[in-house]
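Source file: final_2.cif (mmCIF, C-alpha atoms)
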data_protein
loop_
_atom_site.group_PDB
_atom_site.id
_atom_site.type_symbol
_atom_site.label_atom_id
_atom_site.label_comp_id
_atom_site.auth_asym_id
_atom_site.auth_seq_id
_atom_site.Cartn_x
_atom_site.Cartn_y
_atom_site.Cartn_z
ATOM 1 C CA MET A 6 -64.211 -13.351 53.817
ATOM 2 C CA ASP A 7 -64.652 -12.376 57.458
ATOM 3 C CA SER A 8 -62.283 -12.838 60.395
ATOM 4 C CA VAL A 9 -63.786 -16.195 61.472
ATOM 5 C CA GLU A 10 -63.316 -17.702 58.002
ATOM 6 C CA LEU A 11 -59.798 -16.270 57.846
ATOM 7 C CA GLN A 12 -58.956 -17.721 61.267
ATOM 8 C CA ASN A 13 -60.162 -21.153 60.110
ATOM 9 C CA LEU A 14 -58.178 -20.878 56.864
ATOM 10 C CA ILE A 15 -54.970 -20.021 58.725
ATOM 11 C CA GLU A 16 -55.430 -22.866 61.212
ATOM 12 C CA GLN A 17 -56.040 -25.268 58.320
ATOM 13 C CA ILE A 18 -52.957 -24.093 56.355
ATOM 14 C CA SER A 19 -50.842 -24.265 59.500
ATOM 15 C CA LEU A 20 -51.778 -27.893 60.124
ATOM 16 C CA GLN A 21 -51.464 -28.958 56.473
ATOM 17 C CA CYS A 22 -48.184 -27.246 55.569
ATOM 18 C CA PHE A 23 -46.345 -26.966 58.901
ATOM 19 C CA ASN A 24 -47.830 -29.887 60.909
ATOM 20 C CA ARG A 25 -48.176 -27.464 63.822
ATOM 21 C CA PRO A 26 -51.265 -25.661 65.142
ATOM 22 C CA PHE A 27 -51.777 -21.896 64.962
ATOM 23 C CA LEU A 28 -52.840 -20.995 68.509
ATOM 24 C CA HIS A 29 -53.118 -17.217 68.325
ATOM 25 C CA GLN A 30 -55.366 -14.560 66.815
ATOM 26 C CA ILE A 31 -55.624 -13.313 63.273
ATOM 27 C CA LYS A 32 -56.571 -9.685 62.605
ATOM 28 C CA ILE A 33 -57.648 -7.900 59.455
ATOM 29 C CA ASN A 34 -55.887 -4.596 58.818
ATOM 30 C CA ARG A 35 -57.689 -2.298 56.379
ATOM 31 C CA ARG A 36 -54.943 0.358 56.406
ATOM 32 C CA MET A 37 -52.205 -1.767 54.827
ATOM 33 C CA THR A 38 -51.318 -0.891 51.254
ATOM 34 C CA THR A 39 -47.805 -2.127 50.440
ATOM 35 C CA THR A 40 -47.578 -5.254 52.601
ATOM 36 C CA GLY A 41 -49.610 -8.441 52.502
ATOM 37 C CA GLY A 42 -49.359 -9.265 56.183
ATOM 38 C CA ARG A 43 -47.456 -8.768 59.397
ATOM 39 C CA TYR A 44 -46.424 -11.057 62.252
ATOM 40 C CA HIS A 45 -46.177 -9.442 65.704
ATOM 41 C CA LEU A 46 -43.416 -10.783 67.933
ATOM 42 C CA ASP A 47 -44.867 -9.498 71.200
ATOM 43 C CA ASP A 48 -48.249 -11.267 71.257
ATOM 44 C CA HIS A 49 -47.824 -13.586 68.223
ATOM 45 C CA HIS A 50 -50.874 -12.371 66.329
ATOM 46 C CA ILE A 51 -50.871 -12.019 62.559
ATOM 47 C CA GLU A 52 -52.373 -9.135 60.607
ATOM 48 C CA ILE A 53 -53.547 -9.624 57.035
ATOM 49 C CA ASN A 54 -54.139 -6.903 54.452
ATOM 50 C CA ALA A 55 -57.927 -6.626 53.942
ATOM 51 C CA HIS A 56 -57.548 -6.015 50.203
ATOM 52 C CA PHE A 57 -56.308 -9.586 49.667
ATOM 53 C CA LEU A 58 -59.508 -11.067 51.132
ATOM 54 C CA ALA A 59 -61.373 -10.573 47.850
ATOM 55 C CA PRO A 60 -62.100 -13.858 46.012
ATOM 56 C CA GLN A 61 -59.916 -12.991 42.994
ATOM 57 C CA TYR A 62 -56.815 -12.746 45.247
ATOM 58 C CA HIS A 63 -57.283 -16.086 47.062
ATOM 59 C CA GLU A 64 -54.083 -17.573 45.589
ATOM 60 C CA TYR A 65 -52.088 -14.538 46.746
ATOM 61 C CA LEU A 66 -53.733 -14.727 50.180
ATOM 62 C CA VAL A 67 -52.595 -18.330 50.692
ATOM 63 C CA GLY A 68 -49.005 -17.368 49.796
ATOM 64 C CA ILE A 69 -49.097 -14.433 52.224
ATOM 65 C CA ILE A 70 -50.491 -16.634 55.004
ATOM 66 C CA LYS A 71 -47.726 -19.192 54.463
ATOM 67 C CA HIS A 72 -45.146 -16.395 54.608
ATOM 68 C CA GLU A 73 -46.468 -15.067 57.922
ATOM 69 C CA LEU A 74 -46.791 -18.587 59.350
ATOM 70 C CA CYS A 75 -43.099 -19.139 58.568
ATOM 71 C CA HIS A 76 -42.288 -16.149 60.779
ATOM 72 C CA TYR A 77 -44.709 -17.417 63.423
ATOM 73 C CA HIS A 78 -43.517 -21.020 63.694
ATOM 74 C CA LEU A 79 -39.795 -20.231 63.418
ATOM 75 C CA HIS A 80 -40.062 -17.557 66.113
ATOM 76 C CA LEU A 81 -41.842 -19.939 68.476
ATOM 77 C CA LEU A 82 -39.204 -22.607 67.787
ATOM 78 C CA HIS A 83 -36.404 -20.080 68.530
ATOM 79 C CA ARG A 84 -34.956 -20.373 65.039
ATOM 80 C CA GLY A 85 -34.104 -17.750 62.428
ATOM 81 C CA TYR A 86 -37.388 -16.022 61.597
ATOM 82 C CA HIS A 87 -36.043 -12.916 59.824
ATOM 83 C CA HIS A 88 -36.218 -12.560 56.038
ATOM 84 C CA ARG A 89 -32.423 -12.755 55.842
ATOM 85 C CA ASP A 90 -32.143 -16.008 57.852
ATOM 86 C CA ARG A 91 -31.403 -19.310 56.173
ATOM 87 C CA ASP A 92 -34.054 -21.160 58.219
ATOM 88 C CA PHE A 93 -36.715 -18.733 57.013
ATOM 89 C CA LYS A 94 -35.701 -18.970 53.370
ATOM 90 C CA ILE A 95 -35.610 -22.777 53.423
ATOM 91 C CA LEU A 96 -38.980 -23.141 55.157
ATOM 92 C CA LEU A 97 -40.626 -20.567 52.902
ATOM 93 C CA GLN A 98 -39.420 -22.413 49.806
ATOM 94 C CA LYS A 99 -40.494 -25.757 51.280
ATOM 95 C CA VAL A 100 -44.097 -24.635 51.899
ATOM 96 C CA ASP A 101 -44.216 -22.591 48.656
ATOM 97 C CA GLY A 102 -45.026 -19.287 50.344
ATOM 98 C CA SER A 103 -44.728 -15.941 48.626
ATOM 99 C CA ARG A 104 -41.476 -14.057 49.148
ATOM 100 C CA TYR A 105 -43.000 -10.644 48.401
ATOM 101 C CA ALA A 106 -46.513 -9.238 48.485
ATOM 102 C CA PRO A 107 -47.825 -8.908 44.932
ATOM 103 C CA ASP A 108 -48.715 -5.456 43.648
ATOM 104 C CA ILE A 109 -52.481 -5.265 43.166
ATOM 105 C CA GLY A 110 -52.545 -1.528 42.437
ATOM 106 C CA LEU A 111 -52.648 -0.135 45.982
ATOM 107 C CA ARG A 112 -49.320 1.656 45.954
ATOM 108 C CA ARG A 113 -49.371 5.417 45.530
ATOM 109 C CA ARG A 114 -47.920 6.738 42.306
ATOM 110 C CA LYS A 115 -45.199 9.338 42.565
ATOM 111 C CA LYS A 116 -46.133 12.629 40.975
ATOM 112 C CA PHE A 117 -43.105 14.428 39.592
ATOM 113 C CA ASN A 118 -43.161 18.199 39.322
ATOM 114 C CA TYR A 119 -40.026 18.717 37.238
ATOM 115 C CA ILE A 120 -38.181 16.809 34.521
ATOM 116 C CA TYR A 121 -34.525 17.626 33.905
ATOM 117 C CA VAL A 122 -32.650 16.380 30.833
ATOM 118 C CA CYS A 123 -28.931 16.067 30.229
ATOM 119 C CA GLU A 124 -27.878 18.270 27.307
ATOM 120 C CA ASN A 125 -25.295 15.733 26.147
ATOM 121 C CA CYS A 126 -26.675 12.196 26.607
ATOM 122 C CA GLY A 127 -30.392 12.992 26.987
ATOM 123 C CA LEU A 128 -30.857 11.130 30.283
ATOM 124 C CA HIS A 129 -34.080 12.143 32.078
ATOM 125 C CA TYR A 130 -34.192 13.060 35.769
ATOM 126 C CA PRO A 131 -37.735 13.343 37.160
ATOM 127 C CA ARG A 132 -37.768 15.321 40.417
ATOM 128 C CA MET A 133 -40.296 16.399 43.016
ATOM 129 C CA ARG A 134 -38.314 19.532 43.919
ATOM 130 C CA ARG A 135 -36.555 22.094 41.822
ATOM 131 C CA ILE A 136 -32.752 21.710 41.658
ATOM 132 C CA ASN A 137 -29.917 24.132 40.976
ATOM 133 C CA THR A 138 -28.731 23.213 37.460
ATOM 134 C CA ARG A 139 -25.465 25.143 37.923
ATOM 135 C CA ARG A 140 -24.553 22.940 40.877
ATOM 136 C CA TYR A 141 -25.886 19.506 39.867
ATOM 137 C CA ARG A 142 -24.704 17.640 36.789
ATOM 138 C CA CYS A 143 -25.619 14.468 34.910
ATOM 139 C CA GLY A 144 -24.614 11.352 36.808
ATOM 140 C CA LYS A 145 -23.639 9.546 33.628
ATOM 141 C CA CYS A 146 -21.567 12.032 31.631
ATOM 142 C CA LYS A 147 -21.136 14.943 34.108
ATOM 143 C CA ARG A 148 -22.574 17.481 31.662
ATOM 144 C CA GLN A 149 -25.088 20.313 32.183
ATOM 145 C CA LEU A 150 -28.762 19.625 32.997
ATOM 146 C CA ARG A 151 -31.651 21.712 31.734
ATOM 147 C CA LEU A 152 -35.255 21.932 32.859
ATOM 148 C CA GLU A 153 -37.394 20.347 30.153
ATOM 149 C CA GLN A 154 -40.841 20.338 31.746
ATOM 150 C CA ASN A 155 -42.277 22.141 34.724
ATOM 151 C CA PHE A 156 -45.539 20.528 35.849
ATOM 152 C CA LYS A 157 -45.735 22.679 38.951
ATOM 153 C CA VAL A 158 -48.006 25.692 38.588
ATOM 154 C CA SER A 159 -46.755 28.597 40.679
ATOM 155 C CA ASN A 160 -49.277 30.543 42.786
ATOM 156 C CA LYS A 161 -47.301 33.786 42.738
#

As structure tokens - that is how I would like this structure written.
Amino acid sequence: MDSVELQNLIEQISLQCFNRPFLHQIKINRRMTTTGGRYHLDDHHIEINAHFLAPQYHEYLVGIIKHELCHYHLHLLHRGYHHRDRDFKILLQKVDGSRYAPDIGLRRRKKFNYIYVCENCGLHYPRMRRINTRRYRCGKCKRQLRLEQNFKVSNK
């Protein structure tokens, strides 16, 4: 789907679901990974994550568009357009827009270098950085932690 088709789709959804026209520009953002779209308050344009333009994600794309159009129309009507506002929540539920962007595997996985284990209860603590086991204790039972696995290879 290119930007012209996306512009037409947004204008069509805006008229069908909100009974109001979308009069601004739509942009495709190829750098987005964790969000589905973004509404800009300053010039009222909407950015859409390029990864959701694939045919298999069309249902997700429509939900994201409805979400961003809720921000758009409520802002132009001088009503509550933030996620926390009642007006936003009611309108989003009314038009059946998506509350959150679905995870389609674009998020980066955290790579842990160390795994600490409580000696008493066995609770695991994955960490990126090494910690001082004499200073830090288990958050559950306040007992001693020990380093179980060290994935980090030292270059010394």

Hits of the PyMOL selection byres ((chain A and resi 52) around 7) in this structure, as a ChimeraX atom specification
/A:31-34,42-44,50-51,53-54

Within 12 Å of Asp92 of chain A, counting all atoms listed in the file, which residues qualify if same-chain residues fewer than 5 places away don't, as a list in words?
Cys75, His76, His78, Leu79, His80, Leu82, His83, Arg84, Gly85, Tyr86, His87, Leu97, Gln98 and Lys99 of chain A

Just want the 10 Å neighbourhood of segment 136-140 of chain A, counted on only C-alpha atoms, with same-chain residues fewer than 6 positions away dropped. Output as a ChimeraX atom specification.
/A:119,121,149-152

Point-to-point distance in Å for atom CA of Cys143 of chain A and atom CA of Glu124 of chain A
8.8 Å

Using all atoms listed in the file, find the one residue out of A:Ala106, A:Cys126, A:Val100, A:Ile15 that sits nearest to Gly144 of chain A.
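Of A:Ala106, A:Cys126, A:Val100, A:Ile15, the one nearest Gly144 of chain A, counting all atoms listed in the file, is A:Cys126.
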
Quick check, in Å to one decimal: how far apart do atom CA of Phe57 of chain A and atom CA of Phe117 of chain A lie?
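These two atoms are separated by 29.2 Å.
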
Take the PyMOL selection byres ((chain A and resi 108) around 10), run it mentally on this structure, and tell me the resulting residues as a list in words.
Thr38, Thr39, Thr40, Gly41, Tyr105, Ala106, Pro107, Ile109, Gly110, Leu111 and Arg112 of chain A

Counting all atoms listed in the file, the residue of A:Ser8, A:Leu81, A:Arg148, A:Asp90 that sits nearest Pro26 of chain A
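Residue with the minimum atom-to-atom distance to Pro26 of chain A: A:Leu81.
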
Expected selection from the PyMOL selection byres ((chain A and resi 120) around 7), given as an MDAnalysis selection string:
chainID A and resid 119 121:122 129:132 152:155

Could the residues in this selection be saved with C-alpha atoms as a PDB file, in the frame of the given file?
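Full text of result_0.pdb as output:
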ATOM      1  CA  TYR A 119     -40.026  18.717  37.238  1.00  0.00           C
ATOM      2  CA  TYR A 121     -34.525  17.626  33.905  1.00  0.00           C
ATOM      3  CA  VAL A 122     -32.650  16.380  30.833  1.00  0.00           C
ATOM      4  CA  HIS A 129     -34.080  12.143  32.078  1.00  0.00           C
ATOM      5  CA  TYR A 130     -34.192  13.060  35.769  1.00  0.00           C
ATOM      6  CA  PRO A 131     -37.735  13.343  37.160  1.00  0.00           C
ATOM      7  CA  ARG A 132     -37.768  15.321  40.417  1.00  0.00           C
ATOM      8  CA  LEU A 152     -35.255  21.932  32.859  1.00  0.00           C
ATOM      9  CA  GLU A 153     -37.394  20.347  30.153  1.00  0.00           C
ATOM     10  CA  GLN A 154     -40.841  20.338  31.746  1.00  0.00           C
ATOM     11  CA  ASN A 155     -42.277  22.141  34.724  1.00  0.00           C
TER      12      ASN A 155
END

Atom CA of Asp48 of chain A and atom CA of Val67 of chain A, how far apart in Å?
22.2 Å
